[in-house]
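J.: Provided herewith is a single structure, encoded as C-alpha cells, for subsequent inquiry.
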Amino acid sequence: MVHWVLDAAAGVTPASVTVVVGHAAEDVVASLPDGVHHAHQSERLGTGHAALIGLREVAWEPGDTVLVVYGDTPMLSGATLHALASRREASGAAGVVLAATAPDPGHYGRVIRHDDGTFARIVEWKDASDDELAVDEVNSGMYAFEAAFLAEALPALGTANAQGEYYLPDVCNAAAGRVVVESMPYEEMAGVNTHVELAAADAARRGMILRDHMLAGVRVDDPATTYVDATVHLAPGVHLRPGTHLRGATSVGAGSEVGPDTTIVDSTVGERCHVWYAVVRGADIGAGVEVGPYASLRPGTVMGEGSKAGTFVETKNSVLGVGSKVPHLSYLGDATLGERVNIGAGTITCNYDGVDKHRTEIGDDVFIGSDTMLIAPVSIGSRAVTGAGSAIAKDVGEGALAVERSDQREIPGYGDRLAKKKAAKRKAKEEAG
Amino acid sequence: MVHWVLDAAAGVTPASVTVVVGHAAEDVVASLPDGVHHAHQSERLGTGHAALIGLREVAWEPGDTVLVVYGDTPMLSGATLHALASRREASGAAGVVLAATAPDPGHYGRVIRHDDGTFARIVEWKDASDDELAVDEVNSGMYAFEAAFLAEALPALGTANAQGEYYLPDVCNAAAGRVVVESMPYEEMAGVNTHVELAAADAARRGMILRDHMLAGVRVDDPATTYVDATVHLAPGVHLRPGTHLRGATSVGAGSEVGPDTTIVDSTVGERCHVWYAVVRGADIGAGVEVGPYASLRPGTVMGEGSKAGTFVETKNSVLGVGSKVPHLSYLGDATLGERVNIGAGTITCNYDGVDKHRTEIGDDVFIGSDTMLIAPVSIGSRAVTGAGSAIAKDVGEGALAVERSDQREIPGYGDRLAKKKAAKRKAKEEAG
Amino acid sequence: MVHWVLDAAAGVTPASVTVVVGHAAEDVVASLPDGVHHAHQSERLGTGHAALIGLREVAWEPGDTVLVVYGDTPMLSGATLHALASRREASGAAGVVLAATAPDPGHYGRVIRHDDGTFARIVEWKDASDDELAVDEVNSGMYAFEAAFLAEALPALGTANAQGEYYLPDVCNAAAGRVVVESMPYEEMAGVNTHVELAAADAARRGMILRDHMLAGVRVDDPATTYVDATVHLAPGVHLRPGTHLRGATSVGAGSEVGPDTTIVDSTVGERCHVWYAVVRGADIGAGVEVGPYASLRPGTVMGEGSKAGTFVETKNSVLGVGSKVPHLSYLGDATLGERVNIGAGTITCNYDGVDKHRTEIGDDVFIGSDTMLIAPVSIGSRAVTGAGSAIAKDVGEGALAVERSDQREIPGYGDRLAKKKAAKRKAKEEAG
C-alpha cells in the first residue's frame with residue numbers, strides 16, 4: 001500500500017524519500033523501489049518520534065521543505081502533495097498543516113483558527129471543548145516543514161499530553177504564528193484499516209488511473225475489469241479488453257489491442273500489436289506483432305517487427321528477427337532467430353543438458369519442421385530446412401535439409417487385432433456389470 | 001459506436017440505411033455491415049446539410065417515412081425508433097420531432113408547444129427567452145419525416161441562424177402545423193463524447209442485452225463480467241460463466257455452459273456443450289461437445305456430435321467426426337477425421353511444406369499414437385494405428401499399424417556421470433560464491 | 001439455488017435435511033449433496049401440504065425442533081436460522097414465526113400482534129383490513145415448530161381459505177397462544193423469481209462471503225471479479241487476484257497467491273504456493289508449489305513440496321515428488337515421479353494403448369529429455385537420463401542413458417531448392433493477381 005503513497009510523492013520529484021517502518025516490516029522494506037530509504041522505529045513512541053527517526057536518514061539543507069505523510073493513505077494524490085510543498089515554499093512558513101473539511105469529524109484532531117483565519121492550534125478530540133468539537137476542519141496528520149525548523153523542534157518535543165507520546169501537532173502548536181493551513185479534499189485522507197477498505201481504495205484508485213487514460217484517448221471496454229498500474233504508459237489509440245493487467249514498467253504503443261485475459265509486466269509493446277490471452281514478462285515487442293491466444297513470453301524475449309508467438313508458445317531469453325513466426329506448441333529458450341524464420345508446431349529448443357544451459361542459433365529464412373528437437377548448442381544455417389520429428393544435435397549448413405528419421409514400417413492387421421481386443425474388453429465389462 | 005445505432009435501426013426493418021460520415025472516416029466505412037450505404041459529408045455545414053447528403057443516397061417513394069438519427073447515441077433503443085416511425089405513419093404528419101424531458105435541459109434546444117399541446121417550434125438555447133429556457137422538454141435532434149416533404153424542404157434551408165449552418169429544426173419550424181411531437185426516455189438520448197462516456201454507455205448497453213437474455217431463461221453468473229453482442233442468439237437454459245465474450249454471428253444451444261474466460265466469435269455451438277477457457281472463431285460445434293480448458297478453434301473447424309477438443313489443442317480448417325477426441329497438446333490443421341478417432345497427445349498435422357498446404361485424411365476408429373507427425377498429404381485408413389513418436393509420411397492401410405522408430409539403446413552409467421558433473425558444478429559455485 | 005439454503009441450514013447442524021420438490025425436479029434431486037433427503041410433492045396443494053410430505057421423510061422425536069424454510073431464498077443466513085431454532089428451544093413454544101419489517105409490505109401476509117406484543121395471528125393481504133394492511137411486520141413464510149405439535153396439526157389443516165390450499169399459517173393461527181415471533185433482517189427474505197434476480201442475489205451473496213474472508217485477513221484485489229463458494233477455506237494471508245473461482249471442498253494455505261483467471265475445484269493448496277492462469281480439479285498441492293501460467297491439474301494429481309507444473313502442462317492421476325519440475329508442454333497421466341525429477345518440454349506419458357491404461361514409474365533425480373515418449377507400462381530407474389526425441393518402451397536402469405534415435409543426415413541444397421519453389425510460387429501469384 002505504501003507504494004501508492006510513493007507514487008504520489010514521486011509527483012513532487014523529492015530529493016529523497018525515507019519510509020519509517022515498525023518491527024516485522026521486512027516485507028515492506030524488501031518491496032521498496034531503488035532509491036527509497038527506510039528507517040526502523042523499534043518502539044512506537046508517536047508521530048513526532050517517527051518523524052525524528054526519518055529526518056535522521058535525510059541529508060537536508062536548512063531551507064529545504066520536508067513533507068511528512070502516512071503510508072496508509074492510498075487516495076493521496078500527487079496534486080495534493082504538490083500543493084502542500086508549493087505552499088511551504090511560497091509562504092516561507094515554518095510549517096504547513098494539511099487539513100480537510102470532514103462531513104463527520106469524529107475522532108480526528110480539529111484545526112482551530114483565529115478569527116482572521118490564521119492558524120491557532122491543533123486540538124485532539126479528547127482535549128477539545130464543545131465549541132471546538134463543532135469545528136469540521138480536521139488535521140490530516142500530514143505536514144510540510146522547513147527542514148531547519150523541524151530538526152530543531154523535534155528533539156524538544158515532550159510527552160506531556162493525553163497519549164503520553166511525542167506527537168507532531170505539538171511542533172505546530174509551539175510555533176503557531178509561523179504555521180499556515182493548506183486544504184485538501186477529504187476523500188484523499190481515507191486511511192485503510194482492513195482488506196475490505198483496501199479493496200475499495202484499490203478500486204477507486206484503478207478507476208482514477210483508467211479515467212485519465214481514457215480522457216487521453218485510450219479505449220477501455222470495461223474499466224471495472226481492467227487493471228493498470230500508475231507506472232504504465234499507454235499511447236492514445238490503445239484498446240484494452242476486459243481482464244487485462246498491465247503492471248510495472250510497461251508501455252503500449254498506438255493502435256495496439258491488449259486482452260482479454262492478459263497480464264503484461266515490465267515490458268514494451270510496440271504499435272499495432274495484438275496481444276491476447278497471454279502472459280508477458282520482461283519482453284520487448286516490436287511493431288505489428290501478434291501474441292496469443294495462449295502464449296507466455298518470459299524475460300529476455302525480444303520480438304522483431306511483424307513477428308508472431310501464437311498458440312501454446314513459450315519463449316525465454318530469445319530473440320525473434322523481423323517477420324519470424326512461431327505459430328504453435330513450441331518452446332524457445334536461449335535461442336536467436338534471424339528474419340523470416342518459420343518454426344513448425346511442436347518444436348523445442350533443448351537448452352538444458354542437465355548441467356548447463358546452451359544457445360540455439362537459427363539463420364534467416366530457415367524452415368524448422370514440426371516437432372524438431374534443437375539440441376543446443378546447435379546452429380542452423382540460413383535457408384536450411386529440418387524434417388518433421390527430427391532430433392538435431394549437429395550444426396546444419398546453409399540451404400541444406402537435415403533429417404533424423406528411420407524408415408516407416410507397416411504391420412498389417414495390428415489395428416484390427418487391437419479393435420477386437422477393445423471390443424472383447426467392452427463385452428466382458430458389460431457381462432460383468 | 002455507430003453499430004449500436006444500426007442495431008436499433010434494424011428493429012424497424014428499414015428499406016435502406018445510409019450512414020453520413022465526415023472526413024477521416026475510412027474506419028467507420030470499412031466497419032459497416034453489408035447492405036448499409038454511406039455518404040461523405042466533406043464539409044461540416046450542419047445537420048440539414050448532412051440529411052440532404054444522406055437522402056440523395058436513398059431510393060424513396062413520396063409517402064415513405066425517413067428517420068434521421070445520430071451515430072453517437074448508443075442508448076437509443078429499437079423500441080423508441082419503432083414508436084417514432086409508427087407515429088409518423090399513424091399521424092400522416094410531415095414531420096415528427098423526437099423529444100424528451102431533461103432533468104437539466106442546459107444547452108439542448110427546447111421544444112415549444114402551443115397551449116393546446118400541439119407543436120409550435122424548436123428554439124435553440126442561445127435564442128431562447130427566459131420563459132422558454134424554463135421549458136424542460138428538449139429536442140433529441142432525431143426526427144421522422146415524410147420523404148417527399150423532406151426532399152422539398154431541405155434544399156430550401158438557409159443559414160440565417162446563430163450557427164450560420166443549414167440545420168434541421170428549421171425544416172420543422174417552417175411547417176410547424178404539419179409537425180407533431182413524440183416522446184422518448186431521456187436516458188436514450190445520451191451521446192458519447194469521451195472514452196469514459198463510451199465505456200459507461202457500453203456497460204449500460206451490455207446490461208440491457210443480458211437482462212433480456214436472462215428474462216428469456218439464460219443463466220448468467222455475473223452480468224458485470226459477461227460480454228454478449230446484440231447479434232448473438234442464446235437458447236433458454238444456456239449458462240454463461242464470468243469472462244465470457246460472445247461476438248458476431250454466434251449462437252449457443254440449450255443446456256450448454258460457456259466460460260469462464262472464453263471468447264466465441266462467428267460460431268455455432270450446439271446443445272449440451274461445455275466450452276471453457278477457450279477461444280473459438282468461425283467454428284461449427286455439434287451437440288454434446290467438450291472444448292477446453294485451453295483450446296483454440298480457428299475458422300473452418302467442424303466438430304461432430306460428442307467430439308472433444310481438450311487441453312492445449314488447436315484446430316483450423318478441420319473436421320472431427322462424431323465421437324472423435326483430441327484430448328491434449330495437438331495441432332490439427334487441414335485435417336478430416338472420421339468417427340470415433342482418438343488422437344494421442346502431441347500429435348501434429350504437418351500441413352505446410354514451406355510452399356503449399358496439404359490435407360490429412362483419417363478414417364473411422366483410427367488410433368493415432370502420441371507425438372505422431374502426420375506429414376501431409378497423407379491418408380490413414382480406418383481402424384489403423386500409429387506408434388508413438390512416429391513421423392508418418394506415407395499412407396497407412398486400413399487396420400494396420402504404422403511405426404517409424406529406431407531401437408532403444410541404453411548406455412549404463414551416463415546418468416551417474418551427469419549427476420557427478422552437476423554436483424561438481426554446484427560445489428564449484430558454492431566455493432566461488 | 002437450493003444449495004445456498006442448504007449451506008445456511010448446515011449452520012445449525014441439523015439431524016436431517018429433507019428437500020420437498022415438485023415435478024420435473026430431477027435436476028434438483030440429482031444435485032443434492034449426500035445426506036440430504038428429498039420428497040416429491042406431485043400436486044401443488046399448498047405450503048401445509050409440502051410440510052406434511054417433508055415431515056414424513058424425517059425420523060423425529062416429539063420434542064425435536066423442525067425448521068420449515070424455502071429453497072429460493074438465497075440470502076437467508078445461517079445466523080438467522082440459528083436464531084430461529086434457538087428461540088424455539090429456549091421458549092419451548094409450539095411454533096415460532098420468522099417475521100421481518102418490510103419497507104413496502106405489498107402482498108406479504110401480515111403478522112398481527114396483541115397490544116402486549118404477543119402473537120395474535122397471520123393474515124393474508126387479501127383478507128386484511130385497512131388497519132392490518134398498515135402493519136409493516138410481514139410473515140417470511142419460514143417457521144420453527146415442535147415436531148410433535150407439527151405432526152398433529154398438519155393433518156388437521158383444511159382448505160377453507162381464499163387460496164383453497166392447505167397452508168402453514170393456519171397451523172400457527174390455530175394455536176396462537178403457543179406461538180411466538182422471531183425477527184430477521186428483511187434483506188434475507190428476498191426470493192428469486194428470474195435469472196436477473198438470481199444474478200443479483202448471487203452477487204450479494206458472493207460479496208458477503210468475500211467480506212468475511214477479507215475481514216479475516218485474506219487479500220482480494222477485486223471482490224467484484226472473485227468467486228468463492230461458501231464451502232471454501234482460506235487461511236489469513238492468502239492473496240486472490242481477479243478472475244479467481246474457488247469451488248467445492250477447496251482450501252488454500254497462508255501466503256499463497258491464486259489467480260488471475262484460475263479455477264480451483266475440490267482441491268487442497270498448501271502454503272506459499274503460486275497458482276495462476278490455471279484450472280485445478282481434485283488435486284492435492286503441497287507447500288511452495290508453482291502452477292501455471294496455463295496449466296491443467298486433473299483429479300488424482302498430488303504435488304509434493306516445492307514441485308512445479310508450469311506452462312502448457314496437464315497432469316492426471318499422477319504424483320510428483322518433492323522438488324520435481326514439469327516446466328512446459330507436457331502431459332503426465334497415471335505417472336509416479338520420485339523427488340527432484342526434471343521433465344523436459346514435450347514429454348508425454350503414453351498411458352493408453354487403445355484398450356487399457358498403464359502407469360509410468362520414474363525414480364528420484366531422473367532427467368527426462370525433451371519430447372520423450374514414455375510408453376507405459378514403463379519404469380525409469382533413479383538418476384537415469386533419456387535422450388531428446390526418444391520413444392521409451394522398455395524399462396531403463398538406474399543411472400543409465402536411454403536413447404531411441406537414428407543418425408542425423410544432411411541433404412545439401414534442399415533448402416535452397418525449397419526457397420526457389422516458394423519464390424516462384426509467389427511470383428506466379430503476383431503475376432496472376
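Each chain in the C-alpha cells gets a letter, A, B, ..., in the order shown, and its residues are numbered from 1; ligands are numbered from 1 in order too.
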Which residues are near segment 325-341 of chain C? Cut-off 6 Å, only C-alpha atoms, ignore same chain within fewer than 6 positions. Put them as a PyMOL selection string.
T.: chain C and resi 307-319+347-349+359-366
J.: Taking only C-alpha atoms into account, which residues of chain B are within 9 Å of chain C, as a PyMOL selection string?
T.: chain B and resi 210-225+242-243+260-261+277+293-294+311-312+328-329+342+344-346+353-356+367+369-371+385+388-390+405-419
J.: List every residue of segment 171-382 of chain C that DSSP, applied to the backbone of this structure, places in helix (DSSP H, G or I), and write the result as a PyMOL selection string.
T.: chain C and resi 171-174+176-178+186-189+195-215+223-225
J.: Convert the current residue selection to file output with C-alpha atoms, as a CSV table (one decimal), in the first residue's frame.
T.:
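So the final result, stored in result22.csv, reads:
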chain,number,residue,atom,x,y,z
C,171,VAL,CA,-51.2,-24.1,11.9
C,172,CYS,CA,-49.9,-21.0,13.8
C,173,ASN,CA,-53.3,-19.3,13.9
C,174,ALA,CA,-55.0,-22.4,15.4
C,176,ALA,CA,-51.8,-18.7,18.5
C,177,GLY,CA,-51.2,-18.7,22.3
C,178,ARG,CA,-48.4,-21.2,21.9
C,186,TYR,CA,-35.8,-8.2,5.7
C,187,GLU,CA,-33.0,-8.4,3.1
C,188,GLU,CA,-32.6,-12.1,3.8
C,189,MET,CA,-36.2,-12.8,2.8
C,195,HIS,CA,-32.4,-15.1,-13.7
C,196,VAL,CA,-32.0,-11.3,-13.3
C,197,GLU,CA,-32.8,-11.6,-9.6
C,198,LEU,CA,-30.7,-14.8,-9.3
C,199,ALA,CA,-27.6,-12.9,-10.6
C,200,ALA,CA,-28.2,-10.0,-8.3
C,201,ALA,CA,-28.7,-12.4,-5.3
C,202,ASP,CA,-25.6,-14.3,-6.3
C,203,ALA,CA,-23.5,-11.1,-6.4
C,204,ALA,CA,-24.8,-10.0,-3.0
C,205,ARG,CA,-24.0,-13.5,-1.6
C,206,ARG,CA,-20.5,-13.5,-3.1
C,207,GLY,CA,-19.9,-10.1,-1.6
C,208,MET,CA,-20.8,-11.3,1.9
C,209,ILE,CA,-18.6,-14.4,1.6
C,210,LEU,CA,-15.6,-12.3,0.4
C,211,ARG,CA,-16.2,-9.7,3.0
C,212,ASP,CA,-15.9,-12.2,5.8
C,213,HIS,CA,-12.7,-13.6,4.3
C,214,MET,CA,-11.2,-10.1,3.9
C,215,LEU,CA,-12.0,-9.2,7.5
C,223,PRO,CA,-14.0,-8.7,-4.9
C,224,ALA,CA,-16.3,-7.9,-7.9
C,225,THR,CA,-14.5,-10.5,-10.0
J.: Show me, as a VMD selection string, the residues that have an atom within 7 Å of segment 140-151 of chain A when counting only C-alpha atoms, minus same-chain residues fewer than 2 positions from it.
T.: chain A and resid 60 to 69 84 to 85 88 94 to 100 138 153 to 154 189
J.: Mind pulling up the distance from atom CA of Ala287 of chain C to atom CA of Ser267 of chain C?
T.: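 So the answer is 13.4 Å.
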J.: Quick one: residues within 9 Å of Ile53 of chain B, only C-alpha atoms, excluding same-chain residues fewer than 4 positions away - as JSON, numbers by chain?
T.: {"B": [20, 39, 40, 41, 48, 49, 57]}
J.: Give me every strand (DSSP E or B) residue in segment 315-382 of chain C, going by DSSP on the backbone, as a ChimeraX atom specification.
T.: /C:315-316,319-320,325-333,335-337,342-343,348-350,352,357,360-362,367-368,373-375,378-380
J.: Mind checking which residues fall within 7 Å of segment 30-38 of chain B, counting only C-alpha atoms, ignoring those fewer than 2 positions away in the same chain, and posting them as a PyMOL selection string?
T.: chain B and resi 17-20+26-28+40
